[in-house]
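Take a look at the structure set out below.
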Number of protein chains: 2
Amino acid sequence: MPLPGRWLTSLLFRYNGKMFLIDCGEGTQIPLKQAGWGFKAVDAIFFTHYHADHIAGLPGLLLTIGNSGKDTPLDLIGPPGLLWVVRSLLAICPALPYEIRAVEMPSQGSGSASNSGAGAGSDMPPHADIELYGNLSFQYAQCDHNATCYAYSFHLRRQGAFKPERAKALDVPLGAWKILQSGEPVSLPDGRRIEPDMVLGPARRGIKLCYCTDTRPAPSLRKLFSDADLLICEGMYGSDTEIGNARQKKHMTFGEAATLARDAGAGELWLTHYSPSLQNPSEHLGAARRIFEKTYAGRDLMSKTLKFAD
Amino acid sequence: MPLPGRWLTSLLFRYNGKMFLIDCGEGTQIPLKQAGWGFKAVDAIFFTHYHADHIAGLPGLLLTIGNSGKDTPLDLIGPPGLLWVVRSLLAICPALPYEIRAVEMPSQGSGSASNSGAGAGSDMPPHADIELYGNLSFQYAQCDHNATCYAYSFHLRRQGAFKPERAKALDVPLGAWKILQSGEPVSLPDGRRIEPDMVLGPARRGIKLCYCTDTRPAPSLRKLFSDADLLICEGMYGSDTEIGNARQKKHMTFGEAATLARDAGAGELWLTHYSPSLQNPSEHLGAARRIFEKTYAGRDLMSKTLKFAD
């Protein structure tokens, strides 16, 4: 539940002028306003699942986005059930000045629209890359929760470095370099077509941002999060002594999240989605850091700029 | 919209161990938690209308009330449309450990379930008293807004003073005085039945609490609020210069609310439901107080104990 002093779990990220939100519990629009990035550029909202603490803020946010002057389509993306849930919630925001496109991503294996969580925690590989915007794509995998729930991985590709010596060897005029550098092909006056890969080195490491809540650790997640730069992961319970609760309620302890981050080879772990009874998450960081050193306790409005490696 | 530092408009009141809420916008459960009265004793939620800023917080609140251990029925009361809206919002809180009873109060005159606002602002008298709990009853009247919207008046009756001389004259034993004082009849050993009004003076002035938002001033409201001890009333716009906006959007200026309070003979007026652009409501109190002196600017968690007059 939203608490005085702690909002529900959500992630907003920005790339090249567009914004993407994951989950929207009751009140999420308030810290979004505090973040000061505006609402108009929200391009898509992803949902992990449809428990109220992850979606109850949607009607209010849609109305506030409407007040921002947005008039381009907004994509809503999530597990099966999205169309029904969104149609239900729109009962209290009937008229919006932009188009809503709800896309249900098929659940793993079965492709069924059941909400049973069947197939959860399987060893299936993540779904293939889905293009989102520009050089940004995403994958998803099924969590192990008591509802069909997805974890997400966002990948920003980075093309190879521009090789001037190759461009010179191909007699590409200077004026066309910038186009090739940006990844577009060029047709020269002499009839030749120059493809970017003719003047670029091998693709370089991009940026990988991963997000999961609510779930038990699952092999599918380790694969999805492999080599993530930043993993934002639930840590419902601080202490290892609460493992029984975590198993029963299909959540994780800090230690389990840290183990997942370590096994996936993540660069950094932010914990989130704390139990309301967990007053001071930092108290439990020590044990988690013995498993995975770069573990941090997420907090409201925590933010970071992720940059290419070099 | 909910703002950093200002919650959406809502009223919680408590009488004899039970709590009653009016409206539940996004985030309302957070100041309710801050108020510290708990959630278990919430007995009924009234709705003025179903615009998102007055109902979007319902699913989250219902779940939080569920977590409080409540297992007695919860009444939801509002204009026609309630059943459909509640059924829609329950999409994200399917299992609650208590019964929900949604009661649509017929709209004035027509009794139709239309949401057109037809008949709004009419000169019709308020609906008759409806018993709520103990000595508490309520009335409602139709507002003048761009949706069917109700204003509410809650009335706590107060019986007459106990007259010991009458009880003595009737030979009522001392042990039965307390029962009669509490308003219950008593059967004596000699076969006589003593009714409370045989030993009580005339009914005394009770307490009248009134609430309205969103609306233009309307004759029906003046009647409903007649002689209120406390009127909590929308004041969307501070300055009289915004009367055009107020008329167009079917809201009120501070001056209009003060006029309504004065004409109804209210004891005290609390303004609420400010426009997000109204940063500092107190700035505009001076003009309103020249119309009705006991005008106050409502703020989050503002509270007052209303007592019988003597």
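Residue numbering restarts at 1 in every chain; chains get A, B, ... in the order shown in the structure tokens, and ligands count up from 1 in that same order.
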Please report, as a Markdown table, each residue of chain A lying at most 10 Å from chain B, together with the nearest pair of atoms and the separation in Å rounded to one decimal; use only C-alpha atoms, and order rows by chain and ascending residue number.
```
| residue | atom | partner | partner_atom | distance |
| --- | --- | --- | --- | --- |
| A:Met1 | CA | B:Thr64 | CA | 7.0 |
| A:Pro2 | CA | B:Ile30 | CA | 6.6 |
| A:Leu3 | CA | B:Ile30 | CA | 5.9 |
| A:Pro4 | CA | B:Ile30 | CA | 5.8 |
| A:Gly5 | CA | B:Ile30 | CA | 9.2 |
| A:Arg6 | CA | B:Ile30 | CA | 9.9 |
| A:Trp7 | CA | B:Ile30 | CA | 9.8 |
| A:Gly25 | CA | B:Gly60 | CA | 8.9 |
| A:Glu26 | CA | B:Gly27 | CA | 6.1 |
| A:Gly27 | CA | B:Gly27 | CA | 5.3 |
| A:Thr28 | CA | B:Gly27 | CA | 9.1 |
| A:Gln29 | CA | B:Pro2 | CA | 7.9 |
| A:Ile30 | CA | B:Pro4 | CA | 5.8 |
| A:Pro31 | CA | B:Pro4 | CA | 7.4 |
| A:Leu32 | CA | B:Pro4 | CA | 9.7 |
| A:Lys33 | CA | B:Pro4 | CA | 7.6 |
| A:Gln34 | CA | B:Pro4 | CA | 6.9 |
| A:Tyr50 | CA | B:Ile92 | CA | 6.6 |
| A:His51 | CA | B:Ile92 | CA | 6.0 |
| A:Ala52 | CA | B:Ile92 | CA | 5.3 |
| A:Asp53 | CA | B:Gly60 | CA | 7.4 |
| A:His54 | CA | B:Ile92 | CA | 9.6 |
| A:Ile55 | CA | B:Ile92 | CA | 7.9 |
| A:Ala56 | CA | B:Gly60 | CA | 6.9 |
| A:Gly57 | CA | B:Glu26 | CA | 6.9 |
| A:Leu58 | CA | B:Ala56 | CA | 9.0 |
| A:Pro59 | CA | B:Ala56 | CA | 7.0 |
| A:Gly60 | CA | B:Ala52 | CA | 6.5 |
| A:Leu61 | CA | B:Met1 | CA | 8.9 |
| A:Leu63 | CA | B:Ala52 | CA | 8.4 |
| A:Thr64 | CA | B:Met1 | CA | 7.0 |
| A:Asn67 | CA | B:Met1 | CA | 9.8 |
| A:Trp84 | CA | B:Ala91 | CA | 8.4 |
| A:Val85 | CA | B:Ala91 | CA | 6.3 |
| A:Val86 | CA | B:Ala91 | CA | 9.3 |
| A:Arg87 | CA | B:Ser88 | CA | 8.4 |
| A:Ser88 | CA | B:Ser88 | CA | 4.7 |
| A:Leu89 | CA | B:Leu89 | CA | 6.0 |
| A:Leu90 | CA | B:Ser88 | CA | 8.5 |
| A:Ala91 | CA | B:Val85 | CA | 6.3 |
| A:Ile92 | CA | B:Ala52 | CA | 5.3 |
| A:Cys93 | CA | B:Ala52 | CA | 6.5 |
| A:Pro94 | CA | B:His51 | CA | 9.5 |
```
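Excluding Arg204 (chain A) and any residue on its chain fewer than 2 positions from it, the residues at most 12 Å away by only C-alpha atoms are Leu156, Arg157, Arg158, Gln159, Gly160, Ala161, Phe162, Leu200, Gly201, Pro202, Gly206, Ile207, Phe308, Ala309 and Asp310 of chain A.
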Worksheet entry | Who sits within 9 Å of Pro281 (chain B), only C-alpha atoms, same chain under 5 positions skipped, as JSON, numbers by chain | {"B": [237, 238, 271, 274, 297, 298]}
Worksheet item: Using only C-alpha atoms, which residues sit within 12 Å of Arg247 (chain A) once same-chain residues fewer than 4 positions away are excluded, as a PyMOL selection string?
Response: chain A and resi 144-146+214-217+236-237+240-243+251-253+256
Practice prompt. Among the residues of region 7-252 of chain A, find those DSSP assigns to strand (DSSP E or B) from the backbone and print them as a PyMOL selection string.
Written response: chain A and resi 11-15+18-22+42-46+74-78+100-104+130-133+136-142+144+150-158+162+186-187+193-194+200+204-212+216+230-234+237
Discussion item. Which residues are close to region 223-225 of chain B, i.e. within 12 Å by only C-alpha atoms, leaving aside same-chain residues fewer than 6 positions away? Reply as a VMD selection string.
Written reply: chain B and resid 121 to 129 138 to 143 150 to 155 207 to 212 217 231 to 233 257 260 to 269
Neighbouring residues of Lys168 (chain A) were defined as those with any atom within 10 Å, considering only C-alpha atoms; residues of the same chain fewer than 6 positions away were excluded. Please report them as a PDB file with N, CA and C atoms, in the first residue's frame.
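So result01.pdb came out as:
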```pdb
ATOM      1  N   LEU A 174      33.143  13.678 -47.527  1.00  0.00           N
ATOM      2  CA  LEU A 174      33.036  14.094 -46.124  1.00  0.00           C
ATOM      3  C   LEU A 174      31.590  14.380 -45.701  1.00  0.00           C
ATOM      4  N   TRP A 177      29.631  11.468 -44.255  1.00  0.00           N
ATOM      5  CA  TRP A 177      30.132  10.750 -43.073  1.00  0.00           C
ATOM      6  C   TRP A 177      29.124  10.751 -41.918  1.00  0.00           C
ATOM      7  N   VAL A 199      31.599   1.216 -43.014  1.00  0.00           N
ATOM      8  CA  VAL A 199      32.498   2.240 -42.454  1.00  0.00           C
ATOM      9  C   VAL A 199      32.493   2.247 -40.913  1.00  0.00           C
TER      10      VAL A 199
END
```
Worksheet item: When DSSP works through the backbone of this structure, what residues of region 97-239 of chain A end up as alpha helix (DSSP H), shown as an MDAnalysis selection string?
Response: chainID A and resid 164:169 177:181 219:224
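The gap separating CA of Phe20 (chain B) from CA of Trp37 (chain B) is 11.5 Å, in Å to one decimal.
Closest approach to Thr148 (chain A) among A:Leu180, A:Ala35, A:Leu96, A:Leu82: A:Leu82, based on only C-alpha atoms.
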Item to complete: Considering only C-alpha atoms, return as an NGL selection string whatever protein or nucleic-acid residues lie within 6 Å of Phe47 (chain A), sequence-local ones (same chain, fewer than 2 positions apart) excluded.
Response: :A and (22-23 or 49 or 78)
Worksheet entry | Interatomic distance, CA of Pro80 (chain A) to CA of Glu104 (chain A) (Å, one decimal) | 5.0 Å
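One distance worth recording is that between CA of Gly244 (chain A) and CA of Ala147 (chain A), which is 19.0 Å.
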